[in-house]
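K.L.:
Input structure: final_23.cif, which contains mmCIF, C-alpha atoms.
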data_input
loop_
_atom_site.group_PDB
_atom_site.id
_atom_site.type_symbol
_atom_site.label_atom_id
_atom_site.label_comp_id
_atom_site.auth_asym_id
_atom_site.auth_seq_id
_atom_site.Cartn_x
_atom_site.Cartn_y
_atom_site.Cartn_z
ATOM 1 C CA MET U 1 109.885 97.566 94.018
ATOM 2 C CA PHE U 2 110.032 96.709 97.729
ATOM 3 C CA LEU U 3 107.780 94.068 99.210
ATOM 4 C CA GLY U 4 107.627 92.553 102.650
ATOM 5 C CA VAL U 5 107.476 88.862 103.418
ATOM 6 C CA ASN U 6 106.818 87.765 106.971
ATOM 7 C CA ALA U 7 109.548 85.664 108.620
ATOM 8 C CA MET U 8 106.714 83.367 109.690
ATOM 9 C CA ALA U 9 105.368 83.021 106.128
ATOM 10 C CA ASN U 10 103.760 79.716 105.231
ATOM 11 C CA ILE U 11 104.334 77.575 102.148
ATOM 12 C CA ASN U 12 103.022 79.118 98.878
ATOM 13 C CA GLU U 13 102.707 82.587 100.376
ATOM 14 C CA PHE U 14 102.852 85.302 97.706
ATOM 15 C CA VAL U 15 106.038 87.411 97.758
ATOM 16 C CA ALA U 16 106.144 89.367 94.479
ATOM 17 C CA LYS U 17 105.055 89.439 90.845
ATOM 18 C CA LEU U 18 107.988 89.309 88.429
ATOM 19 C CA SER U 19 107.568 90.726 84.964
ATOM 20 C CA ALA U 20 109.529 90.429 81.722
ATOM 21 C CA PHE U 21 108.748 91.587 78.193
ATOM 22 C CA ASP U 22 109.604 89.928 74.896
ATOM 23 C CA PRO U 23 108.708 91.890 71.749
ATOM 24 C CA ASP U 24 108.495 88.752 69.560
ATOM 25 C CA ALA U 25 105.125 87.675 68.219
ATOM 26 C CA GLY U 26 103.494 84.301 68.791
ATOM 27 C CA ASP U 27 105.048 81.552 70.895
ATOM 28 C CA ASN U 28 108.431 83.323 70.993
ATOM 29 C CA GLY U 29 106.735 86.210 72.764
ATOM 30 C CA SER U 30 105.522 83.896 75.526
ATOM 31 C CA LEU U 31 107.806 83.547 78.543
ATOM 32 C CA SER U 32 108.152 81.174 81.461
ATOM 33 C CA TYR U 33 110.103 81.794 84.663
ATOM 34 C CA TYR U 34 112.265 79.663 86.913
ATOM 35 C CA ILE U 35 114.849 79.989 89.684
ATOM 36 C CA ARG U 36 118.334 78.859 88.647
ATOM 37 C CA ALA U 37 120.008 79.361 92.059
ATOM 38 C CA SER U 38 119.116 80.445 95.595
ATOM 39 C CA ASN U 39 122.238 81.690 97.374
ATOM 40 C CA LEU U 40 122.312 82.052 101.158
ATOM 41 C CA PHE U 41 124.076 84.797 103.123
ATOM 42 C CA LYS U 42 124.620 84.707 106.890
ATOM 43 C CA PHE U 43 124.232 87.790 109.070
ATOM 44 C CA GLY U 44 127.091 90.253 108.537
ATOM 45 C CA SER U 45 128.652 88.302 105.661
ATOM 46 C CA ASN U 46 129.195 89.390 102.081
ATOM 47 C CA LEU U 47 130.119 85.856 101.028
ATOM 48 C CA SER U 48 127.495 83.387 99.890
ATOM 49 C CA ARG U 49 127.267 80.134 101.819
ATOM 50 C CA GLY U 50 126.293 78.522 98.520
ATOM 51 C CA SER U 51 123.100 77.694 96.732
ATOM 52 C CA ILE U 52 120.417 75.807 98.626
ATOM 53 C CA ILE U 53 118.504 72.965 96.978
ATOM 54 C CA PRO U 54 115.571 72.922 96.908
ATOM 55 C CA SER U 55 115.077 76.666 96.754
ATOM 56 C CA PRO U 56 113.142 78.301 99.604
ATOM 57 C CA PHE U 57 111.124 80.058 96.865
ATOM 58 C CA ASN U 58 109.224 79.025 93.736
ATOM 59 C CA VAL U 59 108.239 81.107 90.761
ATOM 60 C CA THR U 60 105.103 80.194 88.867
ATOM 61 C CA GLU U 61 105.021 80.097 85.086
ATOM 62 C CA ASP U 62 103.251 83.463 85.069
ATOM 63 C CA GLY U 63 105.903 85.083 87.301
ATOM 64 C CA LYS U 64 104.505 84.911 90.834
ATOM 65 C CA LEU U 65 107.304 84.500 93.394
ATOM 66 C CA VAL U 66 106.047 82.431 96.339
ATOM 67 C CA THR U 67 107.563 80.753 99.369
ATOM 68 C CA ALA U 68 108.382 77.069 98.901
ATOM 69 C CA ASN U 69 108.916 76.347 102.579
ATOM 70 C CA TYR U 70 108.294 77.874 105.983
ATOM 71 C CA MET U 71 110.513 80.964 106.167
ATOM 72 C CA ALA U 72 111.116 80.444 109.898
ATOM 73 C CA GLU U 73 113.246 77.384 109.006
ATOM 74 C CA TYR U 74 115.912 79.616 107.425
ATOM 75 C CA ASN U 75 118.122 81.544 109.832
ATOM 76 C CA GLN U 76 119.787 83.674 107.148
ATOM 77 C CA ASP U 77 120.312 87.389 106.640
ATOM 78 C CA ARG U 78 119.359 87.215 102.976
ATOM 79 C CA PHE U 79 118.840 85.152 99.857
ATOM 80 C CA VAL U 80 119.919 86.109 96.353
ATOM 81 C CA LEU U 81 117.863 84.342 93.710
ATOM 82 C CA ASP U 82 118.953 83.989 90.084
ATOM 83 C CA VAL U 83 115.619 84.249 88.262
ATOM 84 C CA ILE U 84 115.362 83.326 84.571
ATOM 85 C CA ALA U 85 112.764 84.418 82.006
ATOM 86 C CA LYS U 86 112.847 82.046 79.028
ATOM 87 C CA GLU U 87 111.024 81.924 75.703
ATOM 88 C CA LYS U 88 108.581 79.035 75.443
ATOM 89 C CA ALA U 89 109.473 78.344 71.781
ATOM 90 C CA SER U 90 112.715 77.648 69.975
ATOM 91 C CA PRO U 91 115.393 79.033 70.141
ATOM 92 C CA GLU U 92 114.371 79.463 73.830
ATOM 93 C CA ARG U 93 116.426 82.570 74.535
ATOM 94 C CA GLU U 94 116.591 83.672 78.139
ATOM 95 C CA ALA U 95 117.489 86.554 80.422
ATOM 96 C CA MET U 96 118.532 86.480 84.066
ATOM 97 C CA THR U 97 118.172 88.910 86.943
ATOM 98 C CA LYS U 98 118.928 88.705 90.639
ATOM 99 C CA VAL U 99 116.183 89.010 93.230
ATOM 100 C CA HIS U 100 117.411 89.924 96.720
ATOM 101 C CA VAL U 101 115.333 88.759 99.678
ATOM 102 C CA ARG U 102 116.593 90.254 102.928
ATOM 103 C CA ASN U 103 115.269 90.317 106.469
ATOM 104 C CA CYS U 104 111.667 89.854 105.419
ATOM 105 C CA GLN U 105 112.036 92.389 102.588
ATOM 106 C CA CYS U 106 111.952 91.379 98.944
ATOM 107 C CA ILE U 107 113.691 93.682 96.502
ATOM 108 C CA VAL U 108 112.420 92.862 93.032
ATOM 109 C CA PHE U 109 114.096 93.995 89.841
ATOM 110 C CA ILE U 110 111.785 93.984 86.832
ATOM 111 C CA LEU U 111 113.225 91.678 84.197
ATOM 112 C CA ASN U 112 114.119 93.328 80.912
ATOM 113 C CA TYR U 113 114.349 90.694 78.215
ATOM 114 C CA ILE U 114 117.837 90.573 76.742
ATOM 115 C CA TYR U 115 118.573 88.451 73.688
ATOM 116 C CA ARG U 116 121.620 86.205 73.842
#
Now, as a test, write the supplied structure out as structure tokens.

P.N.:
Amino acid sequence: MFLGVNAMANINEFVAKLSAFDPDAGDNGSLSYYIRASNLFKFGSNLSRGSIIPSPFNVTEDGKLVTANYMAEYNQDRFVLDVIAKEKASPEREAMTKVHVRNCQCIVFILNYIYR
């Protein structure tokens, strides 16, 4: 899925809807989402400059990826977000995927729930 996000995007601007599936019934079938890391990449570099805190993006509990700051404040080629889907009930298993945000384009990988 390819989505555009304006370089001049404001705070809380919608970027993408993330989706994961858990076949469990009840509370173990309910998932929440969060961003574990937001890695920065400068123009022309394949090496991360590290993870930025706080993240320039937020993900709501229902999986909406939104901007957490003004995108114009970040002069980066791309961000690579480690997004987690986690069960709401014990044993709180989780799965991770990477979301690449590049030059005002958001490349979203649909999360497939993987038990650990």

K.L.:
Tell me which of U:Val83, U:Glu61, U:Phe14, U:Met71 sits closest to U:Ser30, counting all atoms listed in the file.

P.N.:
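Closest to U:Ser30, using all atoms listed in the file: U:Glu61.
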
K.L.:
If the PyMOL selection byres ((chain U and resi 97) around 6) is run on the structure shown, which residues does it catch, given as an mmCIF file with C-alpha atoms, keeping the file's coordinate frame?

P.N.:
data_model
loop_
_atom_site.group_PDB
_atom_site.id
_atom_site.type_symbol
_atom_site.label_atom_id
_atom_site.label_comp_id
_atom_site.auth_asym_id
_atom_site.auth_seq_id
_atom_site.Cartn_x
_atom_site.Cartn_y
_atom_site.Cartn_z
ATOM 1 C CA ASP U 82 118.953 83.989 90.084
ATOM 2 C CA VAL U 83 115.619 84.249 88.262
ATOM 3 C CA MET U 96 118.532 86.480 84.066
ATOM 4 C CA LYS U 98 118.928 88.705 90.639
#

K.L.:
Show which residues sit within 7 Å of U:Ile11, as a list in words. Count all atoms listed in the file, and ignore same-chain residues fewer than 5 positions away.

P.N.:
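Counting all atoms listed in the file, the residues come to Thr67, Ala68, Asn69 and Tyr70 of chain U.
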
K.L.:
Expand the PyMOL selection byres ((chain U and resi 50) around 9) into the explicit residue set it covers here, and present it as an NGL selection string.

P.N.:
:U and (38-41 or 47-49 or 51-52)

K.L.:
Please determine, counting all atoms listed in the file, which residue among U:Glu13, U:Asp77, U:Asp62, U:Asp27 has the shortest atom-to-atom distance to U:Glu92.

P.N.:
U:Asp27

K.L.:
Provide the atom CA of U:Asn46 to atom CA of U:Val101 distance in Å, to one decimal place.

P.N.:
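Atom CA of U:Val101 lies 14.1 Å from atom CA of U:Asn46.
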
K.L.:
Given the choices U:Val59, U:Ala72, U:Leu31, U:Val15, which gets closest to U:Lys86 if the distance is worked out from all atoms listed in the file?

P.N.:
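The closest residue to U:Lys86 is U:Leu31.
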
K.L.:
Hey, what comes out of the PyMOL selection byres ((chain U and resi 100) around 6) on this file? Could you write it as a PyMOL selection string?

P.N.:
chain U and resi 79-80+99+101+107
